[in-house]
Amino acid sequence: MGLLTILTVGIYRFWARTRLRRWYWSALRPGGFPLEYTGTPLEKFLGFLVAVVILAFYIGVINLVLIFLSFSLLSAPGAAYLLTILGVIPLWFFAAYRAQRYLLARTRWMGLRFGLEPGAWGYALRACFHWFLTLLTLGIWHPRLRYALARYRHNRTFFGTQRMEQGGNRTMLYPAFVHVMIGGFLTLGAIYETAPELGPFFAALESEDFSSFEASSPSWRLFYIAIPWLIFGLVYYGVEGRKLLINTLSVGETGFDIRPRIGKVLWISISGNLARYGAVTALAMVASLLLIGGALTQGLTMEEVSEGDPETLFRAVTQDLPGWLSTAVVVVFYFLIFLMWNVLTHVFLTMPTWRHYAETLNLTGTPHLATIDQRARDESREAGGFAEALDVGAAI
């Protein structure tokens, strides 16, 4: 019964994500022509099962060996856990590349298929190398990381039989990164200046008595400038960096001209997050009222309800239900929370952002597209599996 439930939920999950992908793609119309998505839920589900078996072997067998060696040599499991996490990082990048390969292989525009050459391990090694340098330089290397990975992917991407080419140079994203560096250095400076005051701050936070703590010193006021500047810098870097990468990308003689507005994307981010968290808060309040109402009908007093934690109240509400029905209620609530969060994210953030990018995108040299021929279909069916198992955003 449990296996049948897992299979049913899994198949429905991939069916829903495939339908959502097709709806998204049809809403995006570069040059006036909609994108088409031809992936199937069964392909993604079978790939997911294959990936889970491989990951189960890695997590089960290799992690067991690492823990044994860690206990034998160091008498503690900490090193094994660290090595396990580090070992998953290349698999995450490997999954991201294969997810994009599967996505492009199942996407068509004007009837022509996209494609991506094999190269997942090369992408994973480059990503690990550049991220190591990024961490070593406190983020200053990130524009070079972003360009290097985009160039590796784009230069292996095909539209029909025409290979794409990423132009530009390794340092072209640094002008867009200036605000991130300023905001980051201001934040680090504020942390350094307020470090001596953090002890009294946490003590006041624990005692809930801020009468003896003064948070209006110049060092704390620096956060009021640093944090907003850093947030604006991250949004600006994301939008302007994508603009530079797309505008220097070409498909033969066809180029791209995209002009997203920073203010528009910033407004979508702020209003979308406010709407998303507001909707979740409202749902949580409704669920709390239903829980309190159910607890009162079970004979609990208001004092017991106010003093009890949510777990106790939930147990009191479901105590007369059969075990299988209580389990079903928990499963429904679990999936409802995650589904609602994903739905709200797509409604308030993902789709408005994509729509804005699509509306500001123009193509140049379009007569060249008529000379591009169809490419053979990539029959690889397991590419989306690792992406779903490691949750790298392959569904959307």
# chains A, B, ... in the order shown; residues from 1 in each chain; ligands from 1
>>> residues_around(residues="Ile140 in chain A", least_positions_apart="5", cutoff="9 Å", atoms="only C-alpha atoms", output="PyMOL selection string")
chain A and resi 133-135+174+177+181
>>> residues_around(residues="Ala358 in chain A", least_positions_apart="4", cutoff="9 Å", atoms="only C-alpha atoms", output="ChimeraX atom specification")
/A:28-30,258,353-354,362
>>> write_last_selection(atoms="C-alpha atoms", output="PDB file, in the first residue's frame")
ATOM      1  CA  LEU A  28       6.861  32.593 -23.775  1.00  0.00           C
ATOM      2  CA  ARG A  29       6.938  33.753 -27.402  1.00  0.00           C
ATOM      3  CA  PRO A  30      10.355  34.932 -28.627  1.00  0.00           C
ATOM      4  CA  ILE A 258      17.187  42.052 -24.401  1.00  0.00           C
ATOM      5  CA  THR A 353       9.957  37.662 -14.106  1.00  0.00           C
ATOM      6  CA  TRP A 354       9.977  35.396 -17.155  1.00  0.00           C
ATOM      7  CA  ASN A 362      14.110  41.067 -29.589  1.00  0.00           C
TER       8      ASN A 362
END
>>> select_by_dssp(residues="range 93-287 of chain A", states="strand (DSSP E or B)", output="list in words")
Thr107, Arg108, Trp109, Leu112, Arg113, Phe114, Gly115, Leu116, Thr157, Phe158, Phe159, Gln162, Arg163, Met164, Glu165, Gln166, Leu249, Ser250, Val251, Thr254, Gly255, Phe256, Asp257 and Ile258 of chain A
>>> closest_atom_pairs(of="range 86-142 of chain A", to="range 230-251 of chain A", cutoff="12 Å", atoms="only C-alpha atoms", output="Markdown table")
| residue | atom | partner | partner_atom | distance |
| --- | --- | --- | --- | --- |
| A:Phe114 | CA | A:Val251 | CA | 11.5 |
| A:Gly139 | CA | A:Leu234 | CA | 11.9 |
| A:His142 | CA | A:Tyr237 | CA | 10.7 |
>>> residues_around(residues="Ala124 in chain A", least_positions_apart="3", cutoff="9 Å", atoms="only C-alpha atoms", output="number ranges by chain")
A: 89-97, 119-121, 127-129
>>> atom_distance(atom1="CA of Leu116 in chain A", atom2="CA of Ala176 in chain A")
27.9 Å
